[in-house]
Amino acid sequence: MSSMKQDSTLFDNQIRQMLDGHTTVPSPALRDALMSRLTSTPPRKKAWYLYSRTYWLAAAILLFPVSFYLFSIFNPFNNSETIESVGLTDVRPVNNRPSQPETDRTPETKNAIVEKEINSDGQDKVNSGTEIKSSDTPSHSSTHNEIIAHSAKTGTQEQPDDRNKPKWEKGVVATIDTRTSETDKPFNLFLPLHKSVLFPSQTNKTVINEILTVNKPVRSRMFQDDLPQPTSFSRYEGSISLGASYTPEIMFNILDGDQKFVHNAALELLFHYHNFTIRTGVGLAFAKGTSALGVKYNLYKGSFQHLDSLDFYYDDETGQVVGVYHLSEKNVYDSVSQNVITEIKKNYTYLQIPLLFGYRFFEQNRFGISVTAGPTLSILLDEKETSDYDPGRNLIINTTTLSPDRIKTNWQFSAGIGFSYHLTSKLYFELEPRVKYYFNSVYEKAATTKKPWSLELRSGLLYTL
Amino acid sequence: MAQDDDLIRQCIKGQTEAFGKLYDRYAPILLSVCMRYLPVRVEAEDILQECFIRIFEKIGEFKLRPEASFEGWMKRIVVNKALNHIRDKNRNHLFVESSDPGMWPDMPEDEPGSGFPNVTADEVHQMIQKLPDGYRTVFNLYVMEEYGHKEIAAMLGCSENTSKTQLLKARNMLKKKIVELQNTKEHV
C-alpha cells in the first residue's frame, strides 16, 4: 500500500514537472477582442490602505525623530525662544541681576505695570542693558495676571573694572507671570512659567506695557484652573489611572478575504510606580472577513397537490354521496444534487486582556514619552455570519465553509512608544503607535498564512485617581 | 519579477498597452491551464478572455502580500472560472458515481522513477484533455493545483470518496495511455 502511494506521488510529480511552464498559444483574434473590451473597462484602483507595508514602516520610523524634533521645539527653557516671544531686539548679558523683593508687588492690578523704586546698595547694580530671563523656580507666586515692573536705581559703588561697560542710570525689571495671563490667544506651548525682563530705566512705562501686552505669550482660559507644577509634572507616583482608549489596527499576513482593519476599544487600568507603569484592562476587538461557502442543494422543480385523504359523506339535500379531497402542496426537487460557491461575511468580536509594562523615560511640563511592551490575550467572544445567497425554494442539503475559521484564542505581543499630554493635573491624553506580533496564526488552519502582525495607533484618555 | 511589477503598476494606472504586454507574456501559460480543464479550444479561449477582464479589473487589489506570486494569482482566477463553467455545464453528470472496483481500469505495471521517455509535455497535456470530465477535473485539482480531497469535495459538491476514486481512475487511465503511447513509439 505504501509503495503504491509512493508510486502515485512519483507519477503526480512527473506529470507536474512535465506540464510546468507548458504553453498553448492563443489565437490572435482573442487578443484583439480582449483589447477592444478593455478600453471600455477601467481597472479598479487599489484601496489606499493596501499599499505596500514599506510605507507604513517608513511612517512609523519617521514618527520617532519627528516627535523628538517637536519636543525640542517645545522646550520651555530655551532663552532664544523667550526673547522672540517678547519681541525685543536689543538683548545684552547682565552681570548682576537686581533682586526683586516679594513684598513690593501689587497683586490686585491685573495686566498692569507697577513701578517700584529699589534702593541701590551695591546689590542692585545694573551693569548692562536689557535682560530677559526665565526662572525655573519663580519667586513670584501670584495667581493674578500681572506684570510687575521694578525700577531700580543704579548703585554708587562703581568698580574700576566696570568703567568700560555700558552704564545705566536706572533699570526697569519687568516680571511676567505667564501662567495666568488672560487674553483670547491660544495656549502657547513655547511659554516658560516666569520671565523677568529688565529694561533701561529711560524706557517709557507705556512702551514696556505695549511690548509686553502685545507680544506676551499667554495661556487660554481652558488651562487656568489647573496650573502645571513648576519643576516636575510627575503626578503618577504610586497612583492609579483609569481611562478609555480606541485603537485602529491594520493587519498583515491575513487571508485576502479578511479586512485589514480591526477596531479595538478598551477600558484601561494603569498602575504607576515612579517611572514604571503596568497597564491592564478589558477591551473588545472587532474584525471582519469574508469566506467562501460551498452549498449543496437540490433544485426546486415545482409542486403538486398531494392527496392526503378522501372523505365521503351523504348529502341529504341532494341525496348523493359527495367526496371531499384533503390535499396538501408538495414540492418536487431534482434528485441530483448541485453545488454552488457563495460568499459569506463574518464579523468577529474578541475580548482582549492586555498586560503591558511601561517605562517613562522623558517628562517635561505637560509632555511625557514612554515605552510600553507586553502580551495581550484575545478570546473569541462572538462570530456572526451573514450571506446574501438566496437559495429560493431549492432544498439545501448541506453547506461547507471553504475558508478556515478563526481560532478561539490567540496571544499577541505588542510594543510601542507612548506620547502623553496633560490636559489638567489629573486628566491626560495618550497617543501611542505600536507594532503587534501574533504568536500564532489567527486561523484554525495555520498553514494558510504566515503569522500575522499589525501596526496600530492607540489613543486614550486617562484620569489619575 | 521587476518587469512584472512595472507592468502591474502601469495596468493599475489603466494603461491598456501594458496590459497587452502582460497578456502576451501570460496568455499562453494560462490558456494551457484553462485547456487542461476545458478541452474545447473555443470554450477555453472564451473563459480565458473573461479571466483577463477580471484580472484587469482586480489588478489593483493584487500585491496584498509581497510574497504573493502574480502568476499564481492569475492561475487561481483561471482555475476558479473554469470550475464554475464546468459546474454550470455539467450540472448533473460531472461524475459517474460508482464504487464498483470492477469498473476501474487495470493498473499498468511500470517502474517507479522510470519517467516517461519518448512522451512530450504536449502529448501528456492532450491525454489529460481526453480524460472524462470528472476524472480530468479532480486530477487537475489534486495533481496540478495541489488541493486536498476535502477541498475538492467542497468545490465540486461531491464526497471525499468520490474525489479519491475519480483521482485513482484518472491516474490509472493516464498511466495506461502513456504506456500505450510509449509502446507505440517503440514499435515504430
# chains A, B, ... in the order shown; residues from 1 in each chain; ligands from 1
$ interface_residues --of "chain B" --to "chain A" --cutoff "6 Å" --atoms "only C-alpha atoms" --output "PyMOL selection string"
chain B and resi 14+28-29+31-32+56-57+60-61+112+121+143-144+154+157
$ write_last_selection --atoms "N, CA and C atoms" --output "mmCIF file, in the first residue's frame"
data_model
loop_
_atom_site.group_PDB
_atom_site.id
_atom_site.type_symbol
_atom_site.label_atom_id
_atom_site.label_comp_id
_atom_site.auth_asym_id
_atom_site.auth_seq_id
_atom_site.Cartn_x
_atom_site.Cartn_y
_atom_site.Cartn_z
ATOM 1 N N GLY B 14 -4.229 52.067 -15.546
ATOM 2 C CA GLY B 14 -5.202 51.983 -16.638
ATOM 3 C C GLY B 14 -4.583 51.951 -18.020
ATOM 4 N N PRO B 28 -0.335 32.421 -23.050
ATOM 5 C CA PRO B 28 -0.070 31.021 -23.408
ATOM 6 C C PRO B 28 -0.063 30.079 -22.198
ATOM 7 N N ILE B 29 0.500 30.557 -21.087
ATOM 8 C CA ILE B 29 0.539 29.712 -19.883
ATOM 9 C C ILE B 29 -0.884 29.496 -19.361
ATOM 10 N N LEU B 31 -3.716 29.813 -20.954
ATOM 11 C CA LEU B 31 -4.571 29.038 -21.860
ATOM 12 C C LEU B 31 -4.288 27.543 -21.698
ATOM 13 N N SER B 32 -3.029 27.236 -21.451
ATOM 14 C CA SER B 32 -2.674 25.831 -21.213
ATOM 15 C C SER B 32 -3.393 25.296 -19.969
ATOM 16 N N PHE B 56 -7.793 42.307 -15.122
ATOM 17 C CA PHE B 56 -7.627 43.742 -15.372
ATOM 18 C C PHE B 56 -8.421 44.574 -14.351
ATOM 19 N N GLU B 57 -9.613 44.086 -14.035
ATOM 20 C CA GLU B 57 -10.448 44.826 -13.076
ATOM 21 C C GLU B 57 -9.880 44.740 -11.661
ATOM 22 N N GLY B 60 -5.666 45.984 -9.231
ATOM 23 C CA GLY B 60 -5.361 46.941 -8.159
ATOM 24 C C GLY B 60 -5.391 46.310 -6.785
ATOM 25 N N GLU B 61 -6.095 45.200 -6.657
ATOM 26 C CA GLU B 61 -6.186 44.536 -5.351
ATOM 27 C C GLU B 61 -5.093 43.494 -5.171
ATOM 28 N N PRO B 112 8.678 2.579 -10.809
ATOM 29 C CA PRO B 112 8.719 3.919 -10.222
ATOM 30 C C PRO B 112 10.005 4.629 -10.595
ATOM 31 N N ALA B 121 5.507 16.851 -23.353
ATOM 32 C CA ALA B 121 4.549 17.560 -22.490
ATOM 33 C C ALA B 121 3.238 17.800 -23.236
ATOM 34 N N VAL B 143 -3.567 17.028 -8.621
ATOM 35 C CA VAL B 143 -2.166 16.897 -9.034
ATOM 36 C C VAL B 143 -1.554 18.251 -9.400
ATOM 37 N N MET B 144 -2.259 19.012 -10.185
ATOM 38 C CA MET B 144 -1.667 20.259 -10.687
ATOM 39 C C MET B 144 -1.856 21.421 -9.702
ATOM 40 N N ALA B 154 -15.546 19.811 -1.507
ATOM 41 C CA ALA B 154 -16.343 21.018 -1.258
ATOM 42 C C ALA B 154 -16.513 21.846 -2.534
ATOM 43 N N GLY B 157 -18.789 19.688 -4.900
ATOM 44 C CA GLY B 157 -20.062 19.226 -4.348
ATOM 45 C C GLY B 157 -20.198 17.715 -4.385
#
$ atom_distance --atom1 "atom CA of B:Val78" --atom2 "atom CA of B:Leu168"
24.6 Å
$ residues_around --residues "stretch 344-346 of chain A" --least-positions-apart "6" --cutoff "6 Å" --atoms "only C-alpha atoms" --output "list in words"
Lys288, Gly289, Thr290, Ser291, Lys384, Glu385, Thr386 and Ser387 of chain A
$ atom_distance --atom1 "atom CA of A:Thr376" --atom2 "atom CA of A:Ile240"
20.2 Å
$ residues_around --residues "stretch 125-135 of chain B" --least-positions-apart "6" --cutoff "10 Å" --atoms "only C-alpha atoms" --output "PyMOL selection string"
(chain A and resi 15+18-19+22-24) or (chain B and resi 32-33+35-40+86+90+93-97+156+162-171+173-175+177-178)
$ write_last_selection --atoms "N, CA and C atoms" --output "compact mmCIF listing (two decimals), in the first residue's frame"
# COMPACT_ATOMS: atom_id res chain seq x y z
N ILE A 15 4.19 14.22 -13.76
CA ILE A 15 3.21 14.94 -14.59
C ILE A 15 3.33 16.44 -14.34
N MET A 18 6.42 17.86 -15.93
CA MET A 18 6.32 17.92 -17.39
C MET A 18 5.47 19.10 -17.85
N LEU A 19 4.40 19.35 -17.09
CA LEU A 19 3.47 20.38 -17.54
C LEU A 19 3.78 21.75 -16.94
N HIS A 22 4.11 24.68 -19.31
CA HIS A 22 3.55 24.31 -20.62
C HIS A 22 2.68 25.45 -21.15
N THR A 23 2.79 25.69 -22.43
CA THR A 23 2.03 26.80 -23.01
C THR A 23 1.22 26.34 -24.20
N THR A 24 0.13 27.05 -24.41
CA THR A 24 -0.68 26.85 -25.60
C THR A 24 -0.94 28.24 -26.18
N SER B 32 -3.03 27.24 -21.45
CA SER B 32 -2.67 25.83 -21.21
C SER B 32 -3.39 25.30 -19.97
N VAL B 33 -3.40 26.12 -18.92
CA VAL B 33 -4.11 25.73 -17.69
C VAL B 33 -5.60 25.56 -17.98
N MET B 35 -7.09 24.95 -20.75
CA MET B 35 -7.42 23.82 -21.62
C MET B 35 -7.23 22.47 -20.94
N ARG B 36 -6.54 22.47 -19.85
CA ARG B 36 -6.48 21.23 -19.05
C ARG B 36 -7.86 20.92 -18.46
N TYR B 37 -8.62 21.99 -18.19
CA TYR B 37 -9.96 21.81 -17.63
C TYR B 37 -11.02 21.75 -18.72
N LEU B 38 -10.84 22.60 -19.72
CA LEU B 38 -11.84 22.70 -20.80
C LEU B 38 -11.15 22.35 -22.12
N PRO B 39 -11.31 21.12 -22.59
CA PRO B 39 -10.53 20.68 -23.76
C PRO B 39 -10.93 21.39 -25.05
N VAL B 40 -12.15 21.89 -25.12
CA VAL B 40 -12.56 22.54 -26.37
C VAL B 40 -11.92 23.92 -26.41
N ILE B 86 -17.45 24.54 -15.67
CA ILE B 86 -17.68 23.09 -15.68
C ILE B 86 -18.93 22.75 -14.86
N ASN B 90 -21.95 20.94 -16.58
CA ASN B 90 -22.20 19.54 -16.22
C ASN B 90 -22.95 19.45 -14.89
N HIS B 93 -24.14 15.70 -14.38
CA HIS B 93 -23.41 14.49 -14.79
C HIS B 93 -21.91 14.73 -14.88
N LEU B 94 -21.40 15.39 -13.87
CA LEU B 94 -19.94 15.57 -13.85
C LEU B 94 -19.25 14.26 -13.51
N PHE B 95 -19.84 13.57 -12.54
CA PHE B 95 -19.22 12.31 -12.10
C PHE B 95 -20.10 11.13 -12.46
N VAL B 96 -19.45 10.04 -12.77
CA VAL B 96 -20.17 8.77 -12.84
C VAL B 96 -19.94 8.13 -11.48
N GLU B 97 -20.93 8.30 -10.59
CA GLU B 97 -20.76 7.84 -9.21
C GLU B 97 -20.83 6.33 -9.16
N LEU B 156 -16.48 20.78 -5.66
CA LEU B 156 -17.25 20.12 -6.72
C LEU B 156 -18.59 19.57 -6.20
N THR B 162 -15.66 10.10 -3.45
CA THR B 162 -15.83 10.27 -4.90
C THR B 162 -14.58 10.89 -5.50
N SER B 163 -14.08 11.92 -4.81
CA SER B 163 -12.87 12.60 -5.28
C SER B 163 -11.71 11.60 -5.37
N LYS B 164 -11.59 10.77 -4.35
CA LYS B 164 -10.48 9.81 -4.32
C LYS B 164 -10.61 8.80 -5.46
N THR B 165 -11.81 8.28 -5.65
CA THR B 165 -11.97 7.27 -6.70
C THR B 165 -11.78 7.87 -8.09
N GLN B 166 -12.26 9.11 -8.26
CA GLN B 166 -12.08 9.77 -9.56
C GLN B 166 -10.61 9.99 -9.84
N LEU B 167 -9.88 10.33 -8.81
CA LEU B 167 -8.44 10.55 -8.98
C LEU B 167 -7.73 9.25 -9.35
N LEU B 168 -8.11 8.21 -8.64
CA LEU B 168 -7.49 6.91 -8.89
C LEU B 168 -7.75 6.46 -10.32
N LYS B 169 -8.99 6.63 -10.74
CA LYS B 169 -9.34 6.23 -12.10
C LYS B 169 -8.59 7.07 -13.12
N ALA B 170 -8.53 8.36 -12.85
CA ALA B 170 -7.84 9.28 -13.78
C ALA B 170 -6.37 8.91 -13.89
N ARG B 171 -5.79 8.65 -12.74
CA ARG B 171 -4.37 8.32 -12.71
C ARG B 171 -4.09 7.04 -13.49
N MET B 173 -5.95 5.63 -15.79
CA MET B 173 -6.24 5.80 -17.21
C MET B 173 -5.09 6.52 -17.92
N LEU B 174 -4.57 7.51 -17.22
CA LEU B 174 -3.47 8.30 -17.79
C LEU B 174 -2.20 7.45 -17.92
N LYS B 175 -1.94 6.67 -16.90
CA LYS B 175 -0.77 5.79 -16.94
C LYS B 175 -0.88 4.82 -18.11
N LYS B 177 -2.54 5.17 -20.83
CA LYS B 177 -2.39 5.85 -22.12
C LYS B 177 -0.91 6.16 -22.40
N ILE B 178 -0.23 6.55 -21.36
CA ILE B 178 1.19 6.88 -21.52
C ILE B 178 1.97 5.62 -21.93
$ closest_residue --among "B:Val42, B:Ala27, B:Ala82, B:Ile59" --to "B:Leu7" --atoms "only C-alpha atoms"
B:Ile59
$ atom_distance --atom1 "atom CA of A:Ser459" --atom2 "atom CA of A:Asn264"
10.5 Å
$ residues_around --residues "A:Gly460" --least-positions-apart "4" --cutoff "12 Å" --atoms "only C-alpha atoms" --output "ChimeraX atom specification"
/A:241-248,264-270,418-422,427-433
$ write_last_selection --atoms "N, CA and C atoms" --output "short mmCIF file (atom, residue, chain, number, x, y, z; two decimals), in the first residue's frame"
data_model
loop_
_atom_site.label_atom_id
_atom_site.label_comp_id
_atom_site.auth_asym_id
_atom_site.auth_seq_id
_atom_site.Cartn_x
_atom_site.Cartn_y
_atom_site.Cartn_z
N SER A 241 -4.50 55.06 37.37
CA SER A 241 -5.24 55.81 36.36
C SER A 241 -6.27 54.91 35.71
N LEU A 242 -7.40 55.51 35.40
CA LEU A 242 -8.46 54.80 34.70
C LEU A 242 -8.73 55.54 33.39
N GLY A 243 -9.08 54.82 32.39
CA GLY A 243 -9.36 55.52 31.13
C GLY A 243 -9.94 54.62 30.07
N ALA A 244 -10.15 55.22 28.93
CA ALA A 244 -10.67 54.50 27.78
C ALA A 244 -9.80 54.79 26.59
N SER A 245 -9.74 53.82 25.70
CA SER A 245 -8.89 54.01 24.52
C SER A 245 -9.55 53.42 23.28
N TYR A 246 -9.15 53.96 22.16
CA TYR A 246 -9.57 53.41 20.87
C TYR A 246 -8.32 53.19 20.03
N THR A 247 -8.23 52.05 19.41
CA THR A 247 -7.03 51.70 18.66
C THR A 247 -7.39 51.12 17.30
N PRO A 248 -7.23 51.89 16.24
CA PRO A 248 -7.36 51.28 14.92
C PRO A 248 -6.11 50.47 14.61
N ASN A 264 -10.31 48.42 17.79
CA ASN A 264 -10.17 47.99 19.18
C ASN A 264 -10.64 49.11 20.10
N ALA A 265 -11.42 48.76 21.09
CA ALA A 265 -11.83 49.72 22.12
C ALA A 265 -11.59 49.07 23.47
N ALA A 266 -11.12 49.85 24.43
CA ALA A 266 -10.76 49.22 25.71
C ALA A 266 -10.99 50.17 26.88
N LEU A 267 -11.26 49.56 28.01
CA LEU A 267 -11.24 50.28 29.29
C LEU A 267 -9.93 49.89 29.97
N GLU A 268 -9.19 50.90 30.39
CA GLU A 268 -7.84 50.62 30.85
C GLU A 268 -7.64 50.97 32.31
N LEU A 269 -6.76 50.24 32.92
CA LEU A 269 -6.38 50.48 34.30
C LEU A 269 -4.85 50.51 34.36
N LEU A 270 -4.33 51.63 34.88
CA LEU A 270 -2.87 51.78 34.92
C LEU A 270 -2.40 51.94 36.36
N GLY A 418 4.71 55.66 23.67
CA GLY A 418 3.54 56.45 24.07
C GLY A 418 3.89 57.90 24.32
N PHE A 419 3.09 58.78 23.76
CA PHE A 419 3.26 60.21 23.98
C PHE A 419 2.07 60.70 24.80
N SER A 420 2.35 61.26 25.97
CA SER A 420 1.24 61.71 26.82
C SER A 420 1.24 63.23 26.92
N TYR A 421 0.07 63.76 27.08
CA TYR A 421 -0.07 65.20 27.22
C TYR A 421 -1.13 65.48 28.28
N HIS A 422 -0.74 66.26 29.30
CA HIS A 422 -1.65 66.53 30.40
C HIS A 422 -2.57 67.69 30.05
N LEU A 427 -6.03 64.70 34.34
CA LEU A 427 -6.53 64.17 33.07
C LEU A 427 -5.47 64.29 31.99
N TYR A 428 -5.18 63.20 31.35
CA TYR A 428 -4.19 63.27 30.28
C TYR A 428 -4.56 62.39 29.09
N PHE A 429 -3.99 62.80 27.98
CA PHE A 429 -4.27 62.15 26.70
C PHE A 429 -3.02 61.41 26.25
N GLU A 430 -3.20 60.24 25.69
CA GLU A 430 -2.05 59.45 25.24
C GLU A 430 -2.22 59.05 23.80
N LEU A 431 -1.15 59.12 23.07
CA LEU A 431 -1.13 58.68 21.68
C LEU A 431 0.04 57.71 21.56
N GLU A 432 -0.25 56.53 21.08
CA GLU A 432 0.79 55.50 21.13
C GLU A 432 0.82 54.65 19.86
N PRO A 433 1.75 54.89 18.96
CA PRO A 433 1.92 53.97 17.83
C PRO A 433 2.56 52.67 18.30
#
$ select_by_dssp --residues "chain B" --states "alpha helix (DSSP H)" --output "ChimeraX atom specification"
/B:2-12,16-37,41-58,70-89,121-129,133-139,149-156,160-187
